[in-house]
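For reference, work-v7.cif is printed below; it contains mmCIF, C-alpha atoms.
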```
data_my_file
#
loop_
_atom_site.label_atom_id
_atom_site.label_comp_id
_atom_site.auth_asym_id
_atom_site.auth_seq_id
_atom_site.Cartn_x
_atom_site.Cartn_y
_atom_site.Cartn_z
CA MET M 1 283.64 -177.90 143.25
CA ASP M 2 280.11 -176.82 142.34
CA LEU M 3 277.01 -178.85 143.17
CA GLU M 4 276.60 -180.05 139.59
CA ALA M 5 280.06 -181.63 139.68
CA ILE M 6 279.24 -183.19 143.07
CA ARG M 7 275.98 -184.47 141.61
CA GLN M 8 277.80 -186.32 138.84
CA GLN M 9 280.33 -187.78 141.27
CA VAL M 10 277.54 -188.99 143.54
CA LYS M 11 275.82 -190.64 140.59
CA ASN M 12 279.04 -192.40 139.64
CA LEU M 13 279.66 -193.46 143.24
CA LEU M 14 276.21 -195.02 143.65
CA LYS M 15 276.66 -196.89 140.40
CA ALA M 16 280.09 -198.17 141.43
CA ASN M 17 278.74 -199.35 144.81
CA THR M 18 275.75 -201.20 143.34
CA THR M 19 275.66 -204.93 144.04
CA SER M 20 273.28 -207.15 142.08
CA GLY M 21 272.85 -210.89 141.87
CA TYR M 22 270.56 -213.87 142.19
CA SER M 23 269.61 -215.52 145.47
CA ALA M 24 269.13 -219.25 144.99
CA PHE M 25 267.63 -219.44 148.48
CA LEU M 26 264.92 -216.87 147.70
CA LYS M 27 264.82 -217.69 143.98
CA ARG M 28 264.92 -214.04 143.04
CA ARG M 29 267.27 -211.31 141.91
CA TYR M 30 268.39 -208.56 144.24
CA SER M 31 270.00 -205.17 143.82
CA TYR M 32 271.23 -202.76 146.46
CA ILE M 33 273.85 -200.09 146.98
CA ALA M 34 276.59 -200.79 149.53
CA PRO M 35 277.69 -197.73 151.52
CA ASP M 36 281.27 -198.82 150.75
CA VAL M 37 282.01 -201.98 148.77
CA LYS M 38 285.12 -202.86 150.79
CA LYS M 39 284.32 -201.86 154.35
CA TYR M 40 280.51 -202.21 154.27
CA PRO M 41 279.59 -204.67 151.49
CA TYR M 42 276.12 -205.67 152.75
CA GLN M 43 272.67 -204.13 152.48
CA TRP M 44 271.87 -202.01 155.53
CA PHE M 45 268.35 -200.91 156.43
CA TRP M 46 268.81 -197.20 156.98
CA ASP M 47 271.58 -196.95 154.38
CA THR M 48 269.10 -198.25 151.81
CA CYS M 49 266.75 -195.44 152.78
CA PHE M 50 269.52 -192.85 152.47
CA HIS M 51 270.39 -194.16 149.03
CA ALA M 52 266.75 -194.04 147.96
CA PHE M 53 266.50 -190.37 149.00
CA ILE M 54 269.62 -189.60 146.95
CA LEU M 55 268.36 -191.61 143.98
CA CYS M 56 265.10 -189.67 144.02
CA GLU M 57 267.05 -186.43 143.80
CA LEU M 58 268.93 -187.89 140.85
CA GLY M 59 265.65 -188.88 139.19
CA GLU M 60 266.64 -192.56 139.41
CA TYR M 61 263.29 -193.73 140.78
CA GLU M 62 263.43 -197.22 139.28
CA ILE M 63 266.75 -197.95 140.98
CA ALA M 64 265.33 -196.61 144.25
CA LYS M 65 262.40 -199.01 143.91
CA GLU M 66 264.73 -201.96 143.27
CA ASN M 67 266.63 -201.16 146.46
CA ILE M 68 263.44 -201.02 148.53
CA TYR M 69 262.08 -204.22 146.99
CA SER M 70 265.37 -205.97 147.89
CA LEU M 71 265.22 -204.60 151.44
CA PHE M 72 261.84 -206.23 152.02
CA ALA M 73 262.55 -209.45 150.10
CA LYS M 74 263.52 -211.26 153.30
CA GLN M 75 260.78 -209.86 155.51
CA GLU M 76 259.65 -212.46 158.02
CA GLU M 77 256.02 -213.51 158.32
CA ASN M 78 255.62 -211.46 161.51
CA GLY M 79 256.82 -208.32 159.73
CA PHE M 80 260.42 -208.16 160.98
CA VAL M 81 263.26 -206.99 158.73
CA GLY M 82 266.86 -207.13 160.00
CA HIS M 83 269.22 -204.18 159.97
CA MET M 84 271.73 -205.96 157.73
CA LEU M 85 271.03 -208.31 154.82
CA PHE M 86 273.91 -210.54 153.73
CA TRP M 87 272.45 -211.90 150.47
CA ASN M 88 274.95 -214.29 148.88
CA LYS M 89 277.81 -213.41 151.21
CA TYR M 90 277.58 -216.47 153.44
CA PHE M 91 280.76 -216.38 155.50
CA PRO M 92 281.12 -213.88 158.36
CA ARG M 93 284.08 -211.50 158.36
CA TYR M 94 283.80 -210.30 161.95
CA ILE M 95 282.55 -211.68 165.24
CA LEU M 96 279.66 -209.17 165.24
CA GLU M 97 278.29 -210.73 162.07
CA VAL M 98 277.90 -213.95 164.05
CA LEU M 99 276.61 -212.45 167.30
CA GLN M 100 273.98 -210.24 165.70
CA VAL M 101 271.97 -213.10 164.22
CA LYS M 102 269.77 -215.68 165.86
CA PRO M 103 271.80 -218.91 166.08
CA THR M 104 270.57 -221.75 163.87
CA LEU M 105 271.79 -225.18 162.86
CA ARG M 106 270.39 -224.83 159.34
CA HIS M 107 272.82 -222.19 158.07
CA ILE M 108 276.42 -221.11 158.62
CA ARG M 109 274.91 -217.69 159.01
CA PRO M 110 271.25 -216.66 158.55
CA SER M 111 270.54 -214.28 155.68
CA MET M 112 269.93 -211.23 157.87
CA THR M 113 270.56 -209.99 161.38
CA SER M 114 268.15 -209.97 164.31
CA LEU M 115 268.62 -206.26 165.01
CA ILE M 116 266.72 -203.18 163.85
CA GLN M 117 267.85 -199.75 162.62
CA PRO M 118 266.16 -196.33 162.39
CA THR M 119 263.42 -196.51 159.77
CA PHE M 120 262.85 -193.94 157.05
CA VAL M 121 261.13 -196.47 154.81
CA ALA M 122 257.60 -194.99 154.82
CA GLN M 123 259.10 -191.57 154.10
CA VAL M 124 261.09 -193.02 151.21
CA VAL M 125 258.10 -194.78 149.67
CA LEU M 126 256.07 -191.58 150.00
CA ARG M 127 258.88 -189.65 148.28
CA ILE M 128 259.01 -192.17 145.44
CA TYR M 129 255.24 -191.99 145.02
CA GLU M 130 255.29 -188.18 144.95
CA GLY M 131 257.88 -188.34 142.18
CA THR M 132 256.35 -191.11 140.09
CA LYS M 133 252.67 -191.56 141.05
CA ASP M 134 253.38 -195.28 140.81
CA LYS M 135 250.34 -196.75 142.55
CA VAL M 136 251.37 -200.36 141.94
CA PHE M 137 254.65 -199.83 143.79
CA VAL M 138 252.89 -198.37 146.84
CA GLU M 139 250.16 -201.02 146.80
CA GLU M 140 252.87 -203.71 146.91
CA LEU M 141 254.96 -202.05 149.61
CA LEU M 142 252.29 -200.58 151.88
CA PRO M 143 251.22 -203.92 153.45
CA LYS M 144 254.87 -204.80 154.07
CA ILE M 145 255.63 -201.46 155.72
CA LYS M 146 252.52 -201.72 157.89
CA LYS M 147 253.57 -205.18 159.07
CA TYR M 148 257.05 -203.91 159.85
CA MET M 149 255.84 -200.85 161.74
CA ASP M 150 253.32 -202.97 163.66
CA TRP M 151 256.10 -205.40 164.58
CA LEU M 152 258.13 -202.51 166.01
CA ALA M 153 255.20 -201.24 168.09
CA GLU M 154 254.29 -204.70 169.38
CA ASN M 155 257.83 -205.92 170.12
CA ARG M 156 259.93 -202.89 171.06
CA ASP M 157 257.55 -200.67 173.05
CA PHE M 158 258.32 -202.46 176.31
CA GLN M 159 256.89 -199.79 178.65
CA GLY M 160 253.78 -198.92 176.63
CA ASP M 161 254.65 -195.23 176.21
CA GLY M 162 255.02 -195.52 172.44
CA LEU M 163 258.81 -195.20 172.52
CA LEU M 164 260.91 -197.98 170.99
CA SER M 165 263.77 -199.52 172.94
CA ILE M 166 266.97 -200.78 171.38
CA ILE M 167 268.66 -203.90 172.73
CA SER M 168 272.08 -203.13 171.25
CA PRO M 169 274.03 -199.91 170.69
CA PHE M 170 274.31 -200.92 167.04
CA GLU M 171 270.55 -200.63 166.58
CA SER M 172 270.80 -196.85 166.90
CA GLY M 173 272.94 -196.67 163.76
CA MET M 174 275.40 -194.72 165.95
CA ASP M 175 277.28 -197.69 167.30
CA TRP M 176 279.55 -196.19 169.96
CA LYS M 177 277.43 -193.17 170.85
CA PRO M 178 278.78 -191.95 174.24
CA SER M 179 275.36 -191.62 175.85
CA PHE M 180 275.34 -195.42 176.03
CA ASP M 181 278.53 -195.54 178.11
CA SER M 182 276.88 -195.45 181.53
CA VAL M 183 274.35 -198.10 180.51
CA VAL M 184 277.10 -200.60 179.74
CA GLY M 185 279.05 -199.59 182.86
CA PHE M 186 281.84 -197.66 181.14
CA ARG M 187 283.30 -194.58 182.79
CA HIS M 188 282.43 -191.56 180.71
CA GLY M 189 285.48 -190.54 178.70
CA ARG M 190 287.76 -191.63 175.85
CA ALA M 191 286.71 -194.98 174.39
CA ASP M 192 289.08 -197.90 174.83
CA LYS M 193 289.14 -201.71 174.86
CA SER M 194 287.25 -201.75 178.13
CA LEU M 195 284.25 -200.20 176.36
CA TYR M 196 284.63 -202.71 173.54
CA ARG M 197 284.55 -205.65 175.97
CA LYS M 198 281.49 -204.31 177.79
CA VAL M 199 279.54 -203.82 174.57
CA MET M 200 280.59 -207.19 173.13
CA TRP M 201 279.47 -208.89 176.34
CA ARG M 202 275.98 -207.52 175.78
CA GLU M 203 276.02 -208.61 172.14
CA LEU M 204 276.97 -212.10 173.32
CA LYS M 205 274.10 -212.09 175.82
CA ASN M 206 271.61 -211.27 173.06
CA PHE M 207 273.02 -214.16 171.05
CA LEU M 208 272.84 -216.58 173.98
CA TYR M 209 269.22 -215.51 174.59
CA ARG M 210 268.64 -216.34 170.90
CA TYR M 211 267.17 -212.84 170.51
CA ASP M 212 264.17 -213.75 172.64
CA LEU M 213 262.91 -210.22 173.26
CA LYS M 214 260.86 -211.12 176.34
CA LYS M 215 263.91 -212.60 178.05
CA ILE M 216 266.14 -209.72 176.97
CA ALA M 217 263.63 -207.16 178.26
CA LYS M 218 263.36 -208.97 181.58
CA ALA M 219 267.14 -209.08 182.00
CA HIS M 220 267.45 -205.44 180.75
CA TYR M 221 271.26 -205.34 180.60
CA PHE M 222 270.93 -202.91 177.68
CA LEU M 223 267.58 -201.27 176.99
CA VAL M 224 267.71 -197.69 175.71
CA LYS M 225 265.12 -195.37 174.18
CA GLU M 226 267.36 -193.55 171.73
CA VAL M 227 266.15 -190.09 170.77
CA GLY M 228 267.31 -190.20 167.15
CA LEU M 229 265.69 -193.54 166.38
CA ASN M 230 262.42 -192.51 168.05
CA THR M 231 262.26 -189.15 166.28
CA ILE M 232 262.75 -190.88 162.94
CA TYR M 233 260.17 -193.50 163.94
CA ALA M 234 257.66 -190.71 164.67
CA GLN M 235 258.33 -189.19 161.26
CA ASP M 236 257.84 -192.55 159.59
CA LEU M 237 254.51 -193.06 161.38
CA GLN M 238 253.41 -189.68 160.08
CA ALA M 239 254.46 -190.63 156.53
CA LEU M 240 252.70 -193.98 156.86
CA GLU M 241 249.49 -192.23 157.89
CA LYS M 242 249.76 -190.08 154.75
CA LEU M 243 250.26 -193.16 152.56
CA CYS M 244 247.23 -194.83 154.11
CA THR M 245 245.14 -191.72 153.51
CA LEU M 246 246.26 -191.50 149.88
CA PHE M 247 245.29 -195.13 149.29
CA ASP M 248 242.05 -195.18 151.30
CA ASP M 249 243.50 -197.49 153.91
CA GLU M 250 241.49 -197.31 157.13
CA ASP M 251 244.58 -197.97 159.26
CA GLY M 252 245.69 -194.38 158.76
CA LYS M 253 244.14 -193.27 162.04
CA LYS M 254 246.01 -195.98 163.92
CA TYR M 255 249.33 -194.65 162.70
CA LYS M 256 248.30 -191.04 163.31
CA ASP M 257 247.43 -191.90 166.92
CA ARG M 258 250.70 -193.76 167.31
CA PHE M 259 252.61 -190.78 165.89
CA GLU M 260 250.98 -188.44 168.39
CA LYS M 261 251.72 -190.79 171.29
CA VAL M 262 255.39 -191.15 170.36
CA SER M 263 255.79 -187.40 169.82
CA LYS M 264 254.19 -186.67 173.20
CA SER M 265 256.49 -189.12 175.00
CA ILE M 266 259.57 -187.68 173.30
CA LEU M 267 258.68 -184.20 174.54
CA GLU M 268 257.58 -185.21 178.03
CA LYS M 269 260.30 -187.76 178.81
CA MET M 270 263.34 -186.93 176.69
CA TYR M 271 263.44 -183.14 176.98
CA ASP M 272 265.34 -181.53 179.85
CA PRO M 273 264.36 -177.84 180.21
CA THR M 274 267.33 -177.06 182.44
CA SER M 275 269.95 -177.93 179.83
CA ALA M 276 267.61 -177.35 176.85
CA ALA M 277 268.32 -180.67 175.18
CA PHE M 278 266.66 -183.96 174.23
CA TYR M 279 268.38 -187.02 175.69
CA ASP M 280 268.30 -190.79 175.32
CA LEU M 281 266.62 -192.69 178.14
CA GLU M 282 267.50 -195.80 180.09
CA SER M 283 264.30 -197.70 179.30
CA VAL M 284 263.43 -199.31 182.63
CA THR M 285 264.23 -196.42 184.98
CA GLY M 286 263.48 -193.58 182.57
CA ARG M 287 266.82 -191.97 183.50
CA GLN M 288 267.95 -189.34 181.02
CA LEU M 289 271.42 -190.10 179.63
CA LYS M 290 272.75 -186.57 179.73
CA VAL M 291 275.48 -186.52 177.12
CA LEU M 292 275.44 -183.83 174.44
CA THR M 293 275.42 -185.49 171.04
CA GLY M 294 274.07 -184.39 167.67
CA THR M 295 270.73 -186.09 168.32
CA ILE M 296 269.78 -183.46 170.94
CA PHE M 297 268.57 -181.44 167.94
CA PHE M 298 266.55 -184.15 166.18
CA PRO M 299 263.12 -183.69 167.85
CA ILE M 300 262.86 -180.01 166.87
CA VAL M 301 261.46 -181.37 163.59
CA LEU M 302 258.34 -182.61 165.42
CA PRO M 303 255.30 -180.31 165.34
CA ASN M 304 254.48 -180.65 169.05
CA VAL M 305 257.85 -179.16 170.05
CA SER M 306 257.16 -175.47 170.66
CA GLU M 307 258.98 -172.70 168.86
CA ASP M 308 260.38 -171.50 172.20
CA ILE M 309 261.93 -174.89 172.94
CA ALA M 310 263.34 -175.22 169.43
CA LYS M 311 264.83 -171.73 169.59
CA GLU M 312 266.45 -172.33 172.96
CA ILE M 313 268.06 -175.60 171.81
CA ILE M 314 269.38 -174.01 168.63
CA THR M 315 270.63 -170.86 170.35
CA LYS M 316 272.15 -172.58 173.38
CA HIS M 317 273.89 -175.46 171.62
CA LEU M 318 274.13 -175.22 167.83
CA PHE M 319 276.00 -171.91 167.86
CA ASN M 320 278.00 -172.55 171.02
CA PRO M 321 281.74 -172.70 170.11
CA LYS M 322 282.34 -174.86 173.19
CA GLU M 323 279.91 -177.48 171.91
CA PHE M 324 278.79 -177.73 168.27
CA ALA M 325 279.88 -174.52 166.52
CA THR M 326 283.03 -175.86 164.84
CA PRO M 327 284.60 -174.83 161.50
CA TYR M 328 282.98 -177.92 159.93
CA PRO M 329 279.80 -178.70 161.87
CA ILE M 330 278.04 -180.71 163.16
CA PRO M 331 280.33 -182.78 165.39
CA SER M 332 278.62 -185.98 166.50
CA THR M 333 279.53 -185.25 170.14
CA ALA M 334 279.92 -181.83 171.76
CA LEU M 335 283.45 -180.55 172.25
CA SER M 336 282.66 -180.09 175.94
CA GLU M 337 282.15 -183.82 176.53
CA LEU M 338 284.96 -185.94 178.00
CA SER M 339 284.24 -188.57 175.34
CA PHE M 340 284.88 -186.13 172.45
CA TYR M 341 287.52 -187.50 170.08
CA PRO M 342 287.55 -185.97 166.58
CA PHE M 343 290.09 -188.25 164.89
CA GLN M 344 289.85 -191.57 163.08
CA SER M 345 288.91 -194.35 165.46
CA ASP M 346 287.26 -197.75 165.69
CA TYR M 347 284.85 -196.13 168.16
CA LEU M 348 282.59 -194.13 165.88
CA TRP M 349 280.15 -191.27 166.60
CA ARG M 350 282.20 -189.76 169.42
CA GLY M 351 283.31 -186.50 167.80
CA PRO M 352 283.70 -186.39 164.01
CA THR M 353 281.23 -184.78 161.64
CA TRP M 354 278.93 -187.14 159.72
CA ALA M 355 276.92 -186.16 156.64
CA VAL M 356 273.73 -187.68 158.03
CA PHE M 357 273.64 -185.27 160.98
CA ASN M 358 274.02 -182.26 158.70
CA TRP M 359 271.34 -183.63 156.37
CA PHE M 360 268.79 -184.42 159.09
CA ILE M 361 269.29 -181.23 161.10
CA TYR M 362 269.31 -179.16 157.88
CA HIS M 363 265.74 -180.26 157.21
CA SER M 364 264.77 -179.73 160.85
CA LEU M 365 266.07 -176.16 160.73
CA LYS M 366 264.32 -175.44 157.44
CA GLU M 367 261.08 -176.83 158.84
CA ARG M 368 261.40 -174.29 161.67
CA GLY M 369 262.21 -171.39 159.37
CA TYR M 370 265.93 -171.23 160.20
CA THR M 371 266.92 -171.04 156.54
CA ALA M 372 270.21 -169.19 157.00
CA GLU M 373 271.32 -171.60 159.71
CA ALA M 374 270.40 -174.58 157.52
CA LYS M 375 272.55 -173.20 154.71
CA ILE M 376 275.56 -173.23 157.06
CA LEU M 377 275.24 -177.00 157.40
CA LYS M 378 274.94 -177.50 153.64
CA LYS M 379 277.94 -175.25 153.03
CA SER M 380 279.93 -177.19 155.63
CA LEU M 381 279.22 -180.51 153.93
CA GLN M 382 280.03 -179.12 150.49
CA GLU M 383 283.37 -177.79 151.75
CA LEU M 384 284.16 -181.15 153.36
CA ILE M 385 283.56 -182.93 150.05
CA GLU M 386 285.73 -180.41 148.20
CA LYS M 387 288.51 -180.72 150.77
CA SER M 388 288.52 -184.45 151.54
CA GLY M 389 286.20 -186.25 149.13
CA PHE M 390 283.40 -188.70 149.87
CA ARG M 391 284.59 -189.94 153.24
CA GLU M 392 282.75 -191.77 156.00
CA TYR M 393 283.28 -188.96 158.53
CA TYR M 394 285.39 -185.83 158.99
CA HIS M 395 287.38 -183.92 161.59
CA PRO M 396 285.06 -181.07 162.67
CA MET M 397 287.96 -178.64 163.12
CA THR M 398 290.25 -179.38 160.16
CA GLY M 399 287.93 -181.09 157.67
CA GLU M 400 290.26 -184.04 157.26
CA GLY M 401 288.42 -187.14 156.01
CA TYR M 402 288.47 -190.47 157.82
CA GLY M 403 287.08 -193.99 157.50
CA ALA M 404 285.75 -195.39 154.23
CA LYS M 405 287.04 -193.52 151.18
CA GLU M 406 284.12 -193.97 148.76
CA PHE M 407 281.25 -193.58 151.19
CA THR M 408 277.75 -192.97 149.84
CA TRP M 409 276.16 -191.08 152.74
CA THR M 410 277.91 -187.86 151.75
CA GLY M 411 275.66 -187.89 148.68
CA LEU M 412 272.83 -186.78 150.95
CA ILE M 413 273.98 -183.25 150.13
CA LEU M 414 271.87 -183.62 146.97
CA ASP M 415 268.79 -183.90 149.19
CA MET M 416 269.63 -180.67 151.01
CA THR M 417 267.57 -178.42 148.76
#
```

Structure rendered as structure tokens:
Amino acid sequence: MDLEAIRQQVKNLLKANTTSGYSAFLKRRYSYIAPDVKKYPYQWFWDTCFHAFILCELGEYEIAKENIYSLFAKQEENGFVGHMLFWNKYFPRYILEVLQVKPTLRHIRPSMTSLIQPTFVAQVVLRIYEGTKDKVFVEELLPKIKKYMDWLAENRDFQGDGLLSIISPFESGMDWKPSFDSVVGFRHGRADKSLYRKVMWRELKNFLYRYDLKKIAKAHYFLVKEVGLNTIYAQDLQALEKLCTLFDDEDGKKYKDRFEKVSKSILEKMYDPTSAAFYDLESVTGRQLKVLTGTIFFPIVLPNVSEDIAKEIITKHLFNPKEFATPYPIPSTALSELSFYPFQSDYLWRGPTWAVFNWFIYHSLKERGYTAEAKILKKSLQELIEKSGFREYYHPMTGEGYGAKEFTWTGLILDMT
């Protein structure tokens, strides 16, 4: 299947997964793309950003704008936007959809969760502006993005080093990432119901604390500085500084300074020179959570990471057949880890290949001049689509597709140019 055929299928998939309607509560229309209409019918924060990147590559800028407008339609006065927006779907399907919102007597379920997700939103708005020169769009969204990014800095930088902490594994976007195992008290290895119970107990605690961040931080039963989320946050700060500069907004320097602070902390605190990898941190102690996952590569995109460090990480891990060099890279967890499990499972991100890793690391490699290596990741994703279709994730050895069957993330291949 050539890329033009894939392009048309992606366009059809995004159209089929589009959900539009009218919110009587907000008295406005909404429109978003669900990653999968059956398994994931809501509007997710980082999924919306992925879809906007794909839409830009398709030239569908107006649809991308609609998705971003809908994402910020429920922004709270303090700037917060939840990681999942339910819109007119009022009744929860799973226990998590109850636990991940602040309890209230006014509604059966509030209209969005109380969790965050990795943010590409400033990067997306910058991309839309570069493609359309729509000043009105940016002038409407820029104040909202600034409020959101300020909320993150003021409410999730608990230690003052610029790095954001997550209060739930689900905030990373990589729900069952094995680096979190030791934080929740799970023996490192194959996921099972014991891990599920330990994670759900922490979700329940957040709920019982009514998502009071000061109380949660003080109790610190799950506070993690996740390397993927913080790398993406740094990139978004950089994009926000560019937007401010383009629109003569004097806050640009604030976001530039914040970007430099976050980037410095990532390098100084998350990088381990002995193993040549970037790791998540336990927030309070600063302990590196030394599990090899696909996010060890993420910070090589940052300009303050030296060429020597980037080269060592790529050479030591990316092309290591005992870790990440599989027939269909990049596995979400290294083959050498006890937690590695490449098959379909309820415990995601512990082995299979996901399109988003290939997409993100592809751009990181290109940024560093590793063009040939980047092409390997694009070729891998294209072969996975040809072999198994638009699946949620894939077996890194066989290419067999698992999870959702009409999953939009795979369309990120269009943005691998």

For the PyMOL selection byres ((chain M and resi 274) around 12), applied here, can you spell out every residue it catches as a JSON list (two decimals) with C-alpha atoms, in the coordinates of the input?
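Listing of result.json after writing:
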```
[["chain", "number", "residue", "atom", "x", "y", "z"],
["M", 271, "TYR", "CA", 263.44, -183.14, 176.98],
["M", 272, "ASP", "CA", 265.34, -181.53, 179.85],
["M", 273, "PRO", "CA", 264.36, -177.84, 180.21],
["M", 275, "SER", "CA", 269.95, -177.93, 179.83],
["M", 276, "ALA", "CA", 267.61, -177.35, 176.85],
["M", 277, "ALA", "CA", 268.32, -180.67, 175.18],
["M", 278, "PHE", "CA", 266.66, -183.96, 174.23],
["M", 290, "LYS", "CA", 272.75, -186.57, 179.73],
["M", 309, "ILE", "CA", 261.93, -174.89, 172.94],
["M", 312, "GLU", "CA", 266.45, -172.33, 172.96],
["M", 313, "ILE", "CA", 268.06, -175.60, 171.81],
["M", 316, "LYS", "CA", 272.15, -172.58, 173.38]]
```

Hey, can I get the axis-aligned box for stretch 28-40 of chain M? All listed atoms, 6 Å padding on each side, centre and edge lengths in Å to one decimal, as JSON.
```
{"center_x": 275.0, "center_y": -205.9, "center_z": 148.1, "size_x": 32.2, "size_y": 28.3, "size_z": 24.4}
```

Residues matched by the PyMOL selection byres ((chain M and resi 264) around 10), written as a PDB file with C-alpha atoms, keeping the file's coordinate frame:
```
ATOM      1  CA  ASP M 161     254.650-195.230 176.210  1.00  0.00           C
ATOM      2  CA  GLY M 162     255.020-195.520 172.440  1.00  0.00           C
ATOM      3  CA  LEU M 163     258.810-195.200 172.520  1.00  0.00           C
ATOM      4  CA  ARG M 258     250.700-193.760 167.310  1.00  0.00           C
ATOM      5  CA  PHE M 259     252.610-190.780 165.890  1.00  0.00           C
ATOM      6  CA  GLU M 260     250.980-188.440 168.390  1.00  0.00           C
ATOM      7  CA  LYS M 261     251.720-190.790 171.290  1.00  0.00           C
ATOM      8  CA  VAL M 262     255.390-191.150 170.360  1.00  0.00           C
ATOM      9  CA  SER M 263     255.790-187.400 169.820  1.00  0.00           C
ATOM     10  CA  SER M 265     256.490-189.120 175.000  1.00  0.00           C
ATOM     11  CA  ILE M 266     259.570-187.680 173.300  1.00  0.00           C
ATOM     12  CA  LEU M 267     258.680-184.200 174.540  1.00  0.00           C
ATOM     13  CA  GLU M 268     257.580-185.210 178.030  1.00  0.00           C
ATOM     14  CA  LYS M 269     260.300-187.760 178.810  1.00  0.00           C
ATOM     15  CA  MET M 270     263.340-186.930 176.690  1.00  0.00           C
ATOM     16  CA  LEU M 302     258.340-182.610 165.420  1.00  0.00           C
ATOM     17  CA  ASN M 304     254.480-180.650 169.050  1.00  0.00           C
ATOM     18  CA  VAL M 305     257.850-179.160 170.050  1.00  0.00           C
TER      19      VAL M 305
END
```

Applying 12 Å and all atoms listed in the file, which residues near M:Tyr32 remain after dropping the ones on its own chain fewer than 5 positions away? List them as a PDB file with C-alpha atoms, in the frame of the given file.
```
ATOM      1  CA  LEU M  14     276.210-195.020 143.650  1.00  0.00           C
ATOM      2  CA  LYS M  15     276.660-196.890 140.400  1.00  0.00           C
ATOM      3  CA  ALA M  16     280.090-198.170 141.430  1.00  0.00           C
ATOM      4  CA  ASN M  17     278.740-199.350 144.810  1.00  0.00           C
ATOM      5  CA  THR M  18     275.750-201.200 143.340  1.00  0.00           C
ATOM      6  CA  THR M  19     275.660-204.930 144.040  1.00  0.00           C
ATOM      7  CA  SER M  20     273.280-207.150 142.080  1.00  0.00           C
ATOM      8  CA  GLY M  21     272.850-210.890 141.870  1.00  0.00           C
ATOM      9  CA  TYR M  22     270.560-213.870 142.190  1.00  0.00           C
ATOM     10  CA  VAL M  37     282.010-201.980 148.770  1.00  0.00           C
ATOM     11  CA  PRO M  41     279.590-204.670 151.490  1.00  0.00           C
ATOM     12  CA  TYR M  42     276.120-205.670 152.750  1.00  0.00           C
ATOM     13  CA  GLN M  43     272.670-204.130 152.480  1.00  0.00           C
ATOM     14  CA  TRP M  44     271.870-202.010 155.530  1.00  0.00           C
ATOM     15  CA  PHE M  45     268.350-200.910 156.430  1.00  0.00           C
ATOM     16  CA  ASP M  47     271.580-196.950 154.380  1.00  0.00           C
ATOM     17  CA  THR M  48     269.100-198.250 151.810  1.00  0.00           C
ATOM     18  CA  CYS M  49     266.750-195.440 152.780  1.00  0.00           C
ATOM     19  CA  PHE M  50     269.520-192.850 152.470  1.00  0.00           C
ATOM     20  CA  HIS M  51     270.390-194.160 149.030  1.00  0.00           C
ATOM     21  CA  ALA M  52     266.750-194.040 147.960  1.00  0.00           C
ATOM     22  CA  LEU M  55     268.360-191.610 143.980  1.00  0.00           C
ATOM     23  CA  GLU M  62     263.430-197.220 139.280  1.00  0.00           C
ATOM     24  CA  ILE M  63     266.750-197.950 140.980  1.00  0.00           C
ATOM     25  CA  ALA M  64     265.330-196.610 144.250  1.00  0.00           C
ATOM     26  CA  LYS M  65     262.400-199.010 143.910  1.00  0.00           C
ATOM     27  CA  GLU M  66     264.730-201.960 143.270  1.00  0.00           C
ATOM     28  CA  ASN M  67     266.630-201.160 146.460  1.00  0.00           C
ATOM     29  CA  ILE M  68     263.440-201.020 148.530  1.00  0.00           C
ATOM     30  CA  TYR M  69     262.080-204.220 146.990  1.00  0.00           C
ATOM     31  CA  SER M  70     265.370-205.970 147.890  1.00  0.00           C
ATOM     32  CA  LEU M  71     265.220-204.600 151.440  1.00  0.00           C
ATOM     33  CA  PHE M  72     261.840-206.230 152.020  1.00  0.00           C
ATOM     34  CA  ALA M  73     262.550-209.450 150.100  1.00  0.00           C
ATOM     35  CA  MET M  84     271.730-205.960 157.730  1.00  0.00           C
ATOM     36  CA  LEU M  85     271.030-208.310 154.820  1.00  0.00           C
ATOM     37  CA  PHE M  86     273.910-210.540 153.730  1.00  0.00           C
ATOM     38  CA  TRP M  87     272.450-211.900 150.470  1.00  0.00           C
TER      39      TRP M  87
END
```

From the options M:Ala374, M:Met416, M:Val101, M:Ala122, which residue's atoms come nearest to M:Asp236, counting only C-alpha atoms?
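Closest residue, counting only C-alpha atoms: M:Ala122.
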
Gap from atom CA of M:Phe319 to atom CA of M:Pro342 - Å, one decimal
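One can read the atom CA of M:Phe319 to atom CA of M:Pro342 distance as 18.2 Å.
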
List the residues matched by the PyMOL selection byres ((chain M and resi 331) around 12) in the displayed structure as an MDAnalysis selection string, ordered by chain and then by residue number.
chainID M and resid 292:296 317:330 332:337 340:343 348:358 361 377 380:381 393:399

Suppose you want the space between atom CA of M:Ile385 and atom CA of M:Glu60; what is it in Å?
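Pair atom CA of M:Ile385 / atom CA of M:Glu60 returns 22.2 Å.
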
Find the spatial neighbours of stretch 205-219 of chain M, counting only C-alpha atoms, within a cut-off of 12 Å - ignore same-chain residues fewer than 6 positions away - and output them as a PyMOL selection string.
chain M and resi 82+95-104+113-116+152+154-159+165-169+198-199+283-284

Could you tell me how far atom CA of M:Lys242 sits from atom CA of M:Thr417, in Å to one decimal place?
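A separation of 22.1 Å between them.
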
What's around M:Gln235 at 12 Å? Count all atoms listed in the file, leave out sequence neighbours fewer than 5 positions away in its own chain, and write the answer as a ChimeraX atom specification.
/M:118-124,126,149,228-230,240-242,255-256,258-260,262-263,298-303,360,364

M:Ile6 proximity check over M:Ala24, M:Tyr347, M:Leu58, M:Arg127, using all atoms listed in the file: winner is M:Leu58

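Among the candidates M:Lys74, M:Arg287, M:Lys379, M:Lys225, the residue lying nearest to M:Leu164 is M:Lys225 (atoms considered: all atoms listed in the file).
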